[in-house]
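Below is the file query_32.cif, which contains mmCIF, C-alpha atoms.
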data_target
loop_
_atom_site.label_atom_id
_atom_site.label_comp_id
_atom_site.auth_asym_id
_atom_site.auth_seq_id
_atom_site.Cartn_x
_atom_site.Cartn_y
_atom_site.Cartn_z
CA MET K 1 8.66 16.86 11.13
CA SER K 2 6.86 15.23 8.20
CA GLU K 3 4.26 12.64 9.01
CA ILE K 4 5.36 9.06 9.57
CA LYS K 5 3.04 6.18 8.81
CA SER K 6 3.34 3.25 11.20
CA LEU K 7 1.83 -0.13 11.88
CA GLN K 8 1.91 -1.14 15.54
CA ILE K 9 1.56 -4.92 16.10
CA ILE K 10 0.84 -6.80 19.33
CA GLY K 11 -0.17 -10.43 19.80
CA SER K 12 -1.38 -10.47 23.40
CA LYS K 13 -4.44 -12.41 24.46
CA SER K 14 -5.43 -10.16 27.38
CA PHE K 15 -5.09 -6.60 28.57
CA GLY K 16 -2.38 -5.79 31.09
CA GLY K 17 0.07 -2.97 31.72
CA ALA K 18 1.98 -3.54 28.47
CA GLU K 19 -1.23 -3.61 26.47
CA ARG K 20 -2.50 -0.41 28.07
CA TRP K 21 0.81 1.23 27.11
CA PHE K 22 0.40 -0.05 23.52
CA GLN K 23 -3.06 1.50 23.43
CA ARG K 24 -2.00 4.85 24.90
CA PHE K 25 1.08 5.10 22.70
CA SER K 26 -0.75 4.25 19.46
CA LEU K 27 -3.56 6.70 20.15
CA GLU K 28 -1.09 9.45 21.04
CA LEU K 29 1.00 8.84 17.92
CA ASP K 30 -2.08 9.26 15.75
CA LYS K 31 -3.18 12.32 17.72
CA LEU K 32 0.15 13.96 16.90
CA GLY K 33 -0.67 13.69 13.20
CA HIS K 34 1.24 10.53 12.29
CA PRO K 35 -1.03 7.99 10.56
CA THR K 36 -1.14 4.98 12.84
CA GLU K 37 -2.73 1.59 12.29
CA ILE K 38 -2.70 -1.32 14.68
CA CYS K 39 -2.73 -5.08 14.37
CA VAL K 40 -4.01 -7.25 17.23
CA ARG K 41 -4.70 -10.92 17.80
CA ARG K 42 -8.13 -11.90 16.55
CA GLY K 43 -10.54 -12.80 19.36
CA SER K 44 -8.32 -11.33 22.08
CA GLU K 45 -9.42 -8.75 24.63
CA LEU K 46 -7.69 -6.14 22.45
CA ASP K 47 -9.89 -7.05 19.48
CA GLY K 48 -12.66 -4.65 20.42
CA ASN K 49 -13.81 -1.06 20.58
CA HIS K 50 -10.67 0.37 22.19
CA TRP K 51 -9.08 2.29 19.36
CA ALA K 52 -11.12 5.43 18.63
CA SER K 53 -10.55 6.28 14.95
CA LEU K 54 -7.49 4.03 14.46
CA SER K 55 -7.70 1.33 11.80
CA CYS K 56 -7.48 -1.99 13.63
CA HIS K 57 -6.53 -5.19 11.81
CA PRO K 58 -7.28 -8.41 13.74
CA LEU K 59 -5.16 -11.34 12.55
CA GLY K 60 -4.91 -14.95 13.69
CA MET K 61 -1.42 -14.89 15.25
CA ARG K 62 -2.02 -18.51 16.24
CA THR K 63 1.49 -19.56 17.23
CA VAL K 64 4.93 -18.11 16.62
CA TRP K 65 5.71 -21.00 14.23
CA ASP K 66 2.48 -20.88 12.18
CA PRO K 67 3.35 -20.15 8.51
CA LEU K 68 -0.17 -18.91 7.77
CA SER K 69 0.06 -16.36 10.59
CA LYS K 70 3.42 -15.15 9.25
CA HIS K 71 1.92 -14.87 5.77
CA GLU K 72 -1.04 -12.85 7.06
CA VAL K 73 1.25 -10.35 8.77
CA LYS K 74 3.43 -10.03 5.67
CA GLN K 75 0.37 -9.48 3.47
CA LEU K 76 -0.95 -6.81 5.80
CA ILE K 77 2.36 -4.95 5.60
CA LYS K 78 2.26 -5.19 1.79
CA GLN K 79 -1.28 -3.83 1.72
CA ARG K 80 -0.88 -0.98 4.22
CA GLN K 81 2.68 0.03 3.22
CA PRO K 82 3.78 1.54 6.56
CA GLN K 83 7.14 3.21 6.92
CA ILE K 84 7.60 1.88 10.47
CA VAL K 85 6.50 -1.52 11.70
CA GLN K 86 6.79 -1.65 15.49
CA THR K 87 6.21 -4.97 17.22
CA TYR K 88 5.66 -5.69 20.89
CA MET K 89 6.87 -8.79 22.72
CA GLY K 90 7.59 -12.21 21.28
CA ARG K 91 4.55 -13.36 19.34
CA ALA K 92 4.17 -10.24 17.21
CA THR K 93 7.91 -9.88 16.67
CA ARG K 94 8.55 -13.48 15.63
CA LEU K 95 5.61 -13.43 13.22
CA THR K 96 6.76 -10.20 11.56
CA HIS K 97 9.15 -10.49 8.63
CA LEU K 98 9.12 -7.56 6.25
CA PRO K 99 8.35 -8.26 2.59
CA LYS K 100 11.33 -7.81 0.28
CA GLN K 101 11.80 -4.24 -0.91
CA SER K 102 9.03 -3.00 1.41
CA GLY K 103 11.14 0.01 2.36
CA ALA K 104 9.82 -0.23 5.91
CA VAL K 105 11.86 -0.39 9.12
CA HIS K 106 11.04 -3.09 11.67
CA ILE K 107 11.49 -1.98 15.29
CA ALA K 108 11.03 -4.51 18.07
CA ARG K 109 10.04 -2.89 21.36
CA LEU K 110 10.91 -4.88 24.49
CA GLY K 111 9.42 -4.30 27.90
CA GLY K 112 11.02 -7.36 29.45
CA TYR K 113 14.00 -9.69 29.53
CA TYR K 114 12.73 -12.03 26.84
CA LYS K 115 14.60 -14.80 25.06
CA VAL K 116 16.44 -12.84 22.43
CA ASP K 117 16.65 -15.25 19.49
CA GLY K 118 13.17 -14.34 18.26
CA TYR K 119 14.15 -10.66 18.05
CA ARG K 120 17.41 -10.69 16.10
CA HIS K 121 15.80 -10.25 12.66
CA ALA K 122 14.43 -6.79 13.49
CA ASP K 123 16.19 -3.69 12.16
CA ALA K 124 16.34 -1.95 15.56
CA TRP K 125 15.28 -2.51 19.15
CA ILE K 126 13.80 -0.25 21.82
CA GLY K 127 14.13 -1.17 25.50
CA ASN K 128 11.95 0.68 27.97
CA THR K 129 14.66 0.44 30.64
CA LYS K 130 18.41 0.84 30.52
CA GLY K 131 18.72 -2.64 31.98
CA ILE K 132 16.86 -4.20 29.05
CA CYS K 133 19.09 -2.34 26.59
CA ASP K 134 22.22 -3.59 28.39
CA TYR K 135 20.77 -7.11 28.30
CA LEU K 136 20.34 -6.93 24.52
CA ILE K 137 23.83 -5.56 23.94
CA ASP K 138 25.32 -8.24 26.20
CA ALA K 139 23.48 -10.80 24.04
CA GLY K 140 25.27 -9.57 20.93
CA PHE K 141 22.83 -6.99 19.56
CA SER K 142 24.48 -3.97 17.93
CA SER K 143 24.75 -1.10 20.39
CA GLN K 144 24.24 1.23 17.40
CA ARG K 145 20.74 -0.16 16.89
CA VAL K 146 19.57 -0.58 20.50
CA PHE K 147 17.75 2.47 21.86
CA HIS K 148 16.47 3.31 25.32
CA ILE K 149 13.17 5.18 25.69
CA TYR K 150 11.15 5.06 28.91
CA ASN K 151 7.37 4.82 28.93
CA PHE K 152 5.57 8.07 29.60
CA ALA K 153 3.41 8.84 32.61
CA GLU K 154 -0.10 10.19 32.34
CA LEU K 155 -0.43 13.56 34.09
CA PRO K 156 -4.15 13.85 34.78
CA GLU K 157 -5.78 16.98 36.08
CA PRO K 158 -5.94 17.02 39.90
CA GLY K 159 -9.22 15.92 41.39
CA ALA K 160 -10.91 13.62 43.84
CA ALA K 161 -12.46 10.24 43.15
CA PRO K 162 -16.08 10.22 41.96
CA ALA K 163 -18.50 11.03 44.77
CA GLY K 164 -19.89 7.95 46.45
CA LEU K 165 -17.24 5.54 45.12
CA LYS K 166 -16.24 4.41 48.61
CA ALA K 167 -19.84 3.67 49.50
CA GLU K 168 -20.36 1.89 46.18
CA LEU K 169 -17.38 -0.35 46.94
CA GLY K 170 -18.53 -0.96 50.52
CA ILE K 171 -15.53 0.81 52.04
CA PRO K 172 -16.05 2.81 55.27
CA GLU K 173 -15.78 6.54 54.68
CA ASP K 174 -12.93 6.94 57.18
CA ALA K 175 -10.87 4.00 55.86
CA TRP K 176 -7.39 4.09 54.41
CA VAL K 177 -7.49 2.83 50.82
CA LEU K 178 -4.48 0.92 49.52
CA MET K 179 -4.70 0.29 45.76
CA THR K 180 -2.86 -2.33 43.69
CA PRO K 181 -3.34 -2.80 39.92
CA GLY K 182 -1.87 -5.73 38.00
CA ARG K 183 -2.64 -9.04 36.34
CA PHE K 184 -2.87 -12.09 38.59
CA VAL K 185 0.33 -13.75 37.43
CA PRO K 186 3.21 -14.94 39.65
CA PHE K 187 5.73 -12.15 39.06
CA LYS K 188 3.24 -9.47 40.13
CA GLY K 189 3.63 -10.73 43.69
CA HIS K 190 0.05 -10.48 44.93
CA ARG K 191 0.53 -13.33 47.39
CA TYR K 192 3.14 -11.28 49.25
CA LEU K 193 0.72 -8.37 49.37
CA LEU K 194 -1.95 -10.55 50.97
CA ASP K 195 0.54 -11.91 53.52
CA ALA K 196 1.57 -8.34 54.35
CA LEU K 197 -2.05 -7.25 54.81
CA ALA K 198 -2.54 -10.10 57.28
CA ARG K 199 0.42 -8.76 59.31
CA LEU K 200 -0.98 -5.22 59.48
CA PRO K 201 -3.26 -4.02 62.26
CA GLU K 202 -6.85 -3.74 61.07
CA ALA K 203 -6.69 -0.03 61.94
CA ILE K 204 -3.74 2.36 61.76
CA ALA K 205 -3.78 5.88 63.19
CA GLY K 206 -7.41 5.31 64.14
CA ARG K 207 -8.55 4.46 60.62
CA PRO K 208 -9.45 0.99 59.23
CA VAL K 209 -7.15 -0.32 56.48
CA TRP K 210 -8.79 -1.51 53.24
CA GLN K 211 -7.21 -2.86 50.07
CA VAL K 212 -8.54 -2.39 46.52
CA ILE K 213 -7.10 -4.83 43.95
CA LEU K 214 -7.56 -4.20 40.24
CA GLY K 215 -6.85 -7.25 38.13
CA ASP K 216 -7.69 -10.66 36.78
CA GLY K 217 -5.74 -13.65 35.56
CA PRO K 218 -4.85 -17.28 36.15
CA LEU K 219 -4.10 -16.88 39.88
CA LYS K 220 -7.51 -15.37 40.69
CA GLN K 221 -8.91 -18.40 42.52
CA ASP K 222 -5.67 -19.02 44.42
CA LEU K 223 -5.52 -15.41 45.62
CA HIS K 224 -9.16 -15.38 46.74
CA GLN K 225 -8.58 -18.61 48.66
CA GLN K 226 -5.46 -17.17 50.27
CA ALA K 227 -7.35 -14.06 51.38
CA GLU K 228 -10.09 -16.23 52.88
CA GLN K 229 -7.56 -18.40 54.74
CA LEU K 230 -5.84 -15.29 56.13
CA ASN K 231 -9.24 -13.89 57.21
CA ILE K 232 -8.64 -10.59 55.41
CA ASN K 233 -11.08 -10.91 52.51
CA ARG K 234 -13.68 -8.74 54.26
CA ARG K 235 -11.25 -5.78 53.95
CA ILE K 236 -10.40 -6.35 50.27
CA VAL K 237 -12.31 -5.10 47.23
CA TRP K 238 -11.64 -7.14 44.09
CA THR K 239 -12.73 -4.99 41.15
CA GLY K 240 -11.60 -7.19 38.26
CA TRP K 241 -9.47 -5.79 35.45
CA GLN K 242 -10.05 -2.08 34.84
CA LEU K 243 -9.04 -0.75 31.44
CA ASN K 244 -9.41 2.78 32.83
CA PRO K 245 -8.25 2.81 36.48
CA ASP K 246 -8.47 6.59 36.85
CA ALA K 247 -11.14 6.61 39.58
CA TYR K 248 -9.22 4.07 41.66
CA TYR K 249 -5.96 6.00 41.50
CA ARG K 250 -7.85 9.07 42.68
CA LEU K 251 -9.48 7.10 45.52
CA ALA K 252 -6.21 5.67 46.84
CA ASP K 253 -4.31 6.97 49.87
CA LEU K 254 -1.37 4.73 48.97
CA ILE K 255 -0.36 2.77 45.86
CA VAL K 256 1.17 -0.65 46.55
CA PHE K 257 3.15 -2.53 43.90
CA PRO K 258 4.39 -5.91 45.22
CA SER K 259 6.11 -7.46 42.16
CA THR K 260 8.96 -9.93 42.37
CA ASN K 261 12.44 -9.06 41.16
CA ALA K 262 11.41 -10.17 37.65
CA GLU K 263 9.35 -6.98 37.14
CA PRO K 264 11.24 -5.26 34.29
CA PHE K 265 9.72 -1.79 34.71
CA GLY K 266 6.24 -1.39 36.13
CA ASN K 267 4.02 1.32 34.68
CA VAL K 268 2.32 1.49 38.07
CA ILE K 269 5.33 3.42 39.40
CA ILE K 270 5.06 6.29 36.96
CA GLU K 271 1.26 6.19 37.06
CA ALA K 272 1.33 6.65 40.84
CA TRP K 273 3.73 9.56 40.39
CA GLY K 274 1.53 11.11 37.71
CA TYR K 275 -1.47 10.97 40.05
CA ASN K 276 0.60 12.55 42.86
CA LYS K 277 0.12 9.48 45.07
CA PRO K 278 2.60 8.00 47.59
CA LEU K 279 4.00 4.64 46.58
CA VAL K 280 5.29 1.52 48.33
CA THR K 281 6.88 -0.91 45.89
CA SER K 282 9.18 -3.88 45.82
CA ALA K 283 12.83 -3.30 44.92
CA SER K 284 12.40 -5.05 41.57
CA MET K 285 14.74 -4.58 38.61
CA GLY K 286 12.67 -1.75 37.18
CA ALA K 287 12.05 -0.01 40.49
CA ARG K 288 15.74 -0.07 41.42
CA GLU K 289 16.58 1.61 38.14
CA VAL K 290 14.15 4.53 38.40
CA MET K 291 13.32 5.04 42.10
CA GLN K 292 15.04 6.71 45.04
CA HIS K 293 14.09 5.05 48.34
CA GLY K 294 12.55 7.43 50.86
CA GLN K 295 12.35 10.26 48.33
CA ASP K 296 9.82 9.28 45.64
CA GLY K 297 8.63 6.04 47.26
CA LEU K 298 9.49 3.28 49.71
CA LEU K 299 11.27 0.20 48.38
CA PHE K 300 10.79 -3.07 50.26
CA GLU K 301 12.74 -6.29 49.76
CA CYS K 302 11.19 -8.44 47.02
CA GLU K 303 9.07 -11.37 48.21
CA ASN K 304 9.36 -10.19 51.81
CA SER K 305 5.90 -9.73 53.31
CA THR K 306 7.27 -8.57 56.65
CA SER K 307 9.27 -5.80 54.98
CA LEU K 308 6.22 -4.75 52.96
CA ALA K 309 3.99 -4.64 56.04
CA THR K 310 6.58 -2.54 57.89
CA TYR K 311 6.74 0.06 55.13
CA LEU K 312 2.96 0.15 54.69
CA GLU K 313 2.52 0.91 58.37
CA GLN K 314 5.30 3.51 58.28
CA ALA K 315 3.73 5.29 55.33
CA LEU K 316 0.22 5.33 56.78
CA LYS K 317 1.46 6.72 60.11
CA ASP K 318 3.55 9.51 58.57
CA GLU K 319 1.55 12.13 56.67
CA GLY K 320 4.64 14.23 55.98
CA LEU K 321 6.41 11.27 54.39
CA ARG K 322 3.43 10.45 52.20
CA ARG K 323 3.14 14.05 51.03
CA SER K 324 6.83 14.49 50.31
CA MET K 325 7.07 11.19 48.38
CA ALA K 326 3.98 12.01 46.33
CA ASP K 327 5.22 15.50 45.48
CA ARG K 328 8.69 14.28 44.54
CA GLY K 329 7.14 11.56 42.39
CA LEU K 330 4.96 14.09 40.57
CA GLN K 331 7.99 16.28 39.97
CA ARG K 332 9.86 13.35 38.43
CA ALA K 333 6.85 12.37 36.31
CA ARG K 334 6.76 15.90 34.90
CA GLN K 335 10.51 16.22 34.36
CA GLU K 336 11.60 12.73 33.30
CA PHE K 337 8.53 10.79 32.19
CA ALA K 338 6.31 13.39 30.53
CA LYS K 339 4.44 12.39 27.41
CA GLU K 340 5.74 15.14 25.11
CA PRO K 341 9.51 14.49 25.28
CA ILE K 342 9.06 10.71 25.18
CA MET K 343 6.81 10.87 22.12
CA GLN K 344 9.32 13.24 20.57
CA ALA K 345 12.09 10.72 21.24
CA TYR K 346 10.12 8.04 19.40
CA LEU K 347 9.47 10.29 16.41
CA GLU K 348 13.09 11.40 16.22
CA LEU K 349 14.18 7.76 16.31
CA TYR K 350 11.69 6.87 13.56
CA SER K 351 13.06 9.69 11.40
CA LYS K 352 16.66 8.66 12.05
CA LEU K 353 16.02 5.04 11.14
CA LEU K 354 14.10 5.99 8.00
CA ARG K 355 16.92 8.24 6.86
CA GLY K 356 19.39 5.41 7.34
CA ARG K 357 17.46 2.62 5.66
#
For the file at hand, write its structure as structure tokens.
Amino acid sequence: MSEIKSLQIIGSKSFGGAERWFQRFSLELDKLGHPTEICVRRGSELDGNHWASLSCHPLGMRTVWDPLSKHEVKQLIKQRQPQIVQTYMGRATRLTHLPKQSGAVHIARLGGYYKVDGYRHADAWIGNTKGICDYLIDAGFSSQRVFHIYNFAELPEPGAAPAGLKAELGIPEDAWVLMTPGRFVPFKGHRYLLDALARLPEAIAGRPVWQVILGDGPLKQDLHQQAEQLNINRRIVWTGWQLNPDAYYRLADLIVFPSTNAEPFGNVIIEAWGYNKPLVTSASMGAREVMQHGQDGLLFECENSTSLATYLEQALKDEGLRRSMADRGLQRARQEFAKEPIMQAYLELYSKLLRGR
């Protein structure tokens, strides 16, 4: 396959799961020999030293209506002359309008059920779940130009957490470690996690239960106050946002993902599988599409702290269940969510769209 030059554009203010995917995807695309440049929002958390050798172009991206921001994006496309312009989420997509006769193809990638009017001007659309693709088609988008490609899972080499990490975090050596990554925003469901922790015994199967939470965001103060009121804060480690959560995945005995039904996919699911870790997650839209309850994880009713607590206790008491779920998850990560076939799917789509332009 001949090389394909692309410009990947995102307008986010902060890092989260979608932004980590943008980073991993862009770096991998370039690694495969396809010249890749990125455009991020100036002054955002993404406007920093995160991109290895990739050319990074910070632009204002002030509002989706700002004519100057639209002009800046159009000028960048004129200057860099990519073949593919791939935009992520609403701000980047609505600000991107290809210059006349650019010869490029504009692909809007959706990782959520966004308002569709700001996406209709793109040439094609990628949904990272089948549900999102169905949503677009139901909204009148051409089924011939809507494409489904899942995110890929990282498959790290097996290994334990760094020596001394438990002690560094103040966690007893014999403790269970539950780990939850995610931005502190309502649909991530952290408040249900805290309620569930308050319902759990402090020790299960003779081992104290501790929770590690990776994240930051607007609900930070509310969640800390809730943990204090529930008298569970002494058993929680708040690490802040971690751009590289590798050590924490390795430390965990159980990954917990408490999102509301609004969670469109949840990279945490496939990351847990890739790390060969057992998973308890809400039965959100994304989880229902990709998971099999009792086989590759346990699915609890969304926004139901009692259900979550029940499944957490069940998982911690049953070593065989944890092992079987983790192994089945790893198998699925290797077979269905591996990096190589998913990157190949993107490149084949790029080639197809370029041939048809």
Item to complete: Counting all atoms listed in the file, figure out which residue out of K:Ile213, K:Leu316, K:Ala124, K:Val146 gets nearest to Pro245 in chain K.
Response: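 Closest residue, counting all atoms listed in the file: K:Ile213.
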Worksheet, complete the sentence: re CA of Ala104 in chain K and CA of Gln83 in chain K: distance 4.5 Å
Any idea what's packed within 7 Å of range 265-269 of chain K, counting all atoms listed in the file, ignoring anything in its chain fewer than 2 positions away? Could you give it as a short mmCIF file (atom, residue, chain, number, x, y, z; two decimals) with C-alpha atoms, in the frame of the given file?
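out_13.cif, written as the output of this step:
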data_model
loop_
_atom_site.label_atom_id
_atom_site.label_comp_id
_atom_site.auth_asym_id
_atom_site.auth_seq_id
_atom_site.Cartn_x
_atom_site.Cartn_y
_atom_site.Cartn_z
CA GLY K 17 0.07 -2.97 31.72
CA THR K 129 14.66 0.44 30.64
CA GLU K 263 9.35 -6.98 37.14
CA GLU K 271 1.26 6.19 37.06
CA ALA K 272 1.33 6.65 40.84
CA TRP K 273 3.73 9.56 40.39
CA MET K 285 14.74 -4.58 38.61
CA GLY K 286 12.67 -1.75 37.18
CA ALA K 287 12.05 -0.01 40.49
#
Worksheet item: Expanded to explicit residues, what is the PyMOL selection byres ((chain K and resi 352) around 12) for this file, as a PyMOL selection string?
Response: chain K and resi 1+4+84+105+124+144-145+147+345-351+353-357
Using only C-alpha atoms, collect all residues at a distance of at most 10 Å from (12.0, 0.1, 51.8) as written in the file, then present them as a PDB file with C-alpha atoms, in the coordinates of the input.
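Contents of the output file part.pdb:
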ATOM      1  CA  VAL K 280       5.290   1.520  48.330  1.00  0.00           C
ATOM      2  CA  THR K 281       6.880  -0.910  45.890  1.00  0.00           C
ATOM      3  CA  SER K 282       9.180  -3.880  45.820  1.00  0.00           C
ATOM      4  CA  ALA K 283      12.830  -3.300  44.920  1.00  0.00           C
ATOM      5  CA  GLN K 292      15.040   6.710  45.040  1.00  0.00           C
ATOM      6  CA  HIS K 293      14.090   5.050  48.340  1.00  0.00           C
ATOM      7  CA  GLY K 294      12.550   7.430  50.860  1.00  0.00           C
ATOM      8  CA  GLY K 297       8.630   6.040  47.260  1.00  0.00           C
ATOM      9  CA  LEU K 298       9.490   3.280  49.710  1.00  0.00           C
ATOM     10  CA  LEU K 299      11.270   0.200  48.380  1.00  0.00           C
ATOM     11  CA  PHE K 300      10.790  -3.070  50.260  1.00  0.00           C
ATOM     12  CA  GLU K 301      12.740  -6.290  49.760  1.00  0.00           C
ATOM     13  CA  CYS K 302      11.190  -8.440  47.020  1.00  0.00           C
ATOM     14  CA  SER K 307       9.270  -5.800  54.980  1.00  0.00           C
ATOM     15  CA  LEU K 308       6.220  -4.750  52.960  1.00  0.00           C
ATOM     16  CA  THR K 310       6.580  -2.540  57.890  1.00  0.00           C
ATOM     17  CA  TYR K 311       6.740   0.060  55.130  1.00  0.00           C
ATOM     18  CA  LEU K 312       2.960   0.150  54.690  1.00  0.00           C
ATOM     19  CA  GLN K 314       5.300   3.510  58.280  1.00  0.00           C
TER      20      GLN K 314
END
Residues picked by the PyMOL selection byres ((chain K and resi 14) around 12) here, as a PDB file with C-alpha atoms, in the coordinates of the input?
ATOM      1  CA  ILE K  10       0.840  -6.800  19.330  1.00  0.00           C
ATOM      2  CA  GLY K  11      -0.170 -10.430  19.800  1.00  0.00           C
ATOM      3  CA  SER K  12      -1.380 -10.470  23.400  1.00  0.00           C
ATOM      4  CA  LYS K  13      -4.440 -12.410  24.460  1.00  0.00           C
ATOM      5  CA  PHE K  15      -5.090  -6.600  28.570  1.00  0.00           C
ATOM      6  CA  GLY K  16      -2.380  -5.790  31.090  1.00  0.00           C
ATOM      7  CA  GLY K  17       0.070  -2.970  31.720  1.00  0.00           C
ATOM      8  CA  ALA K  18       1.980  -3.540  28.470  1.00  0.00           C
ATOM      9  CA  GLU K  19      -1.230  -3.610  26.470  1.00  0.00           C
ATOM     10  CA  ARG K  20      -2.500  -0.410  28.070  1.00  0.00           C
ATOM     11  CA  VAL K  40      -4.010  -7.250  17.230  1.00  0.00           C
ATOM     12  CA  ARG K  41      -4.700 -10.920  17.800  1.00  0.00           C
ATOM     13  CA  ARG K  42      -8.130 -11.900  16.550  1.00  0.00           C
ATOM     14  CA  GLY K  43     -10.540 -12.800  19.360  1.00  0.00           C
ATOM     15  CA  SER K  44      -8.320 -11.330  22.080  1.00  0.00           C
ATOM     16  CA  GLU K  45      -9.420  -8.750  24.630  1.00  0.00           C
ATOM     17  CA  LEU K  46      -7.690  -6.140  22.450  1.00  0.00           C
ATOM     18  CA  ASP K  47      -9.890  -7.050  19.480  1.00  0.00           C
ATOM     19  CA  GLY K  48     -12.660  -4.650  20.420  1.00  0.00           C
ATOM     20  CA  ARG K 183      -2.640  -9.040  36.340  1.00  0.00           C
ATOM     21  CA  PHE K 184      -2.870 -12.090  38.590  1.00  0.00           C
ATOM     22  CA  GLY K 215      -6.850  -7.250  38.130  1.00  0.00           C
ATOM     23  CA  ASP K 216      -7.690 -10.660  36.780  1.00  0.00           C
ATOM     24  CA  GLY K 217      -5.740 -13.650  35.560  1.00  0.00           C
ATOM     25  CA  PRO K 218      -4.850 -17.280  36.150  1.00  0.00           C
ATOM     26  CA  TRP K 241      -9.470  -5.790  35.450  1.00  0.00           C
ATOM     27  CA  GLN K 242     -10.050  -2.080  34.840  1.00  0.00           C
ATOM     28  CA  LEU K 243      -9.040  -0.750  31.440  1.00  0.00           C
TER      29      LEU K 243
END
Worksheet, complete the sentence: The residue from K:Asn244, K:Thr306, K:Gln101, K:Gln221 with the smallest atom-to-atom distance to Arg24 in chain K, counting all atoms listed in the file, is K:Asn244
Practice prompt. Kindly give the distance, in Å, that separates CA of Tyr248 in chain K and CA of Ser53 in chain K, rounded to a single decimal.
Written response: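 According to the coordinates, CA of Tyr248 in chain K and CA of Ser53 in chain K are separated by 26.8 Å.
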Fill in: Close residues, range 106-111 of chain K itself excluded, 8 Å, all atoms listed in the file, min 3 positions apart in chain, as a ChimeraX atom specification
/K:18,84-89,93,98,114,119,122-129,132,264-265
Exactly which residues make up the result of the PyMOL selection byres ((chain K and resi 328-344) around 8) on this file, given as a tab-separated table (two decimals) with C-alpha atoms, keeping the file's coordinate frame?
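Now in selection_23.tsv:
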chain	number	residue	atom	x	y	z
K	29	LEU	CA	1.00	8.84	17.92
K	149	ILE	CA	13.17	5.18	25.69
K	150	TYR	CA	11.15	5.06	28.91
K	151	ASN	CA	7.37	4.82	28.93
K	152	PHE	CA	5.57	8.07	29.60
K	153	ALA	CA	3.41	8.84	32.61
K	154	GLU	CA	-0.10	10.19	32.34
K	155	LEU	CA	-0.43	13.56	34.09
K	270	ILE	CA	5.06	6.29	36.96
K	272	ALA	CA	1.33	6.65	40.84
K	273	TRP	CA	3.73	9.56	40.39
K	274	GLY	CA	1.53	11.11	37.71
K	275	TYR	CA	-1.47	10.97	40.05
K	276	ASN	CA	0.60	12.55	42.86
K	277	LYS	CA	0.12	9.48	45.07
K	278	PRO	CA	2.60	8.00	47.59
K	295	GLN	CA	12.35	10.26	48.33
K	296	ASP	CA	9.82	9.28	45.64
K	297	GLY	CA	8.63	6.04	47.26
K	324	SER	CA	6.83	14.49	50.31
K	325	MET	CA	7.07	11.19	48.38
K	326	ALA	CA	3.98	12.01	46.33
K	327	ASP	CA	5.22	15.50	45.48
K	345	ALA	CA	12.09	10.72	21.24
K	346	TYR	CA	10.12	8.04	19.40
K	347	LEU	CA	9.47	10.29	16.41
K	348	GLU	CA	13.09	11.40	16.22
Worksheet item: Could you state the separation of CA of Lys5 in chain K and CA of His57 in chain K in Å, given to one decimal place?
Response: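 Between CA of Lys5 in chain K and CA of His57 in chain K the gap is 15.2 Å.
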Discussion item. I want to know what sits within 10 Å of Leu223 in chain K, based on all atoms listed in the file, with residues of the same chain fewer than 6 positions away left out; could you give that as a list in words?
Written reply: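 So, after excluding close chain neighbours, the residues are Phe184, His190, Arg191, Leu194, Gln229 and Asn233 of chain K.
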Practice prompt. Excluding Phe187 in chain K and residues on its chain fewer than 6 positions from it, collect all residues at most 8 Å away from it, counting all atoms listed in the file, and give them as number ranges by chain.
Written response: K: 259-263
Worksheet item: Smallest atom-to-atom distance to Lys74 in chain K: which of K:Met179, K:Leu254, K:His121, K:His97, using all atoms listed in the file?
Response: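 Once distances to Lys74 in chain K are computed over all atoms listed in the file, the minimum belongs to K:His97.
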Worksheet item: Which residue, K:Asp222, K:Gly131, K:Arg234, K:Gln75, has the smallest gap to Pro208 in chain K when you use only C-alpha atoms?
Response: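 Of K:Asp222, K:Gly131, K:Arg234, K:Gln75, the one nearest Pro208 in chain K, counting only C-alpha atoms, is K:Arg234.
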Fill in: K:Glu313, K:Asp195, K:Glu202, K:Asp246 ranked by distance to Leu214 in chain K, top pick (using all atoms listed in the file)
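The answer is K:Asp246, which sits nearest to Leu214 in chain K.
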Discussion item. Excluding Leu95 in chain K and its own-chain neighbours fewer than 3 positions away, which residues fall within 6 Å of it when counting all atoms listed in the file? Please give them as a list in words.
Written reply: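 These residues fall inside the cut-off: Val64, Lys70 and Ala92 of chain K.
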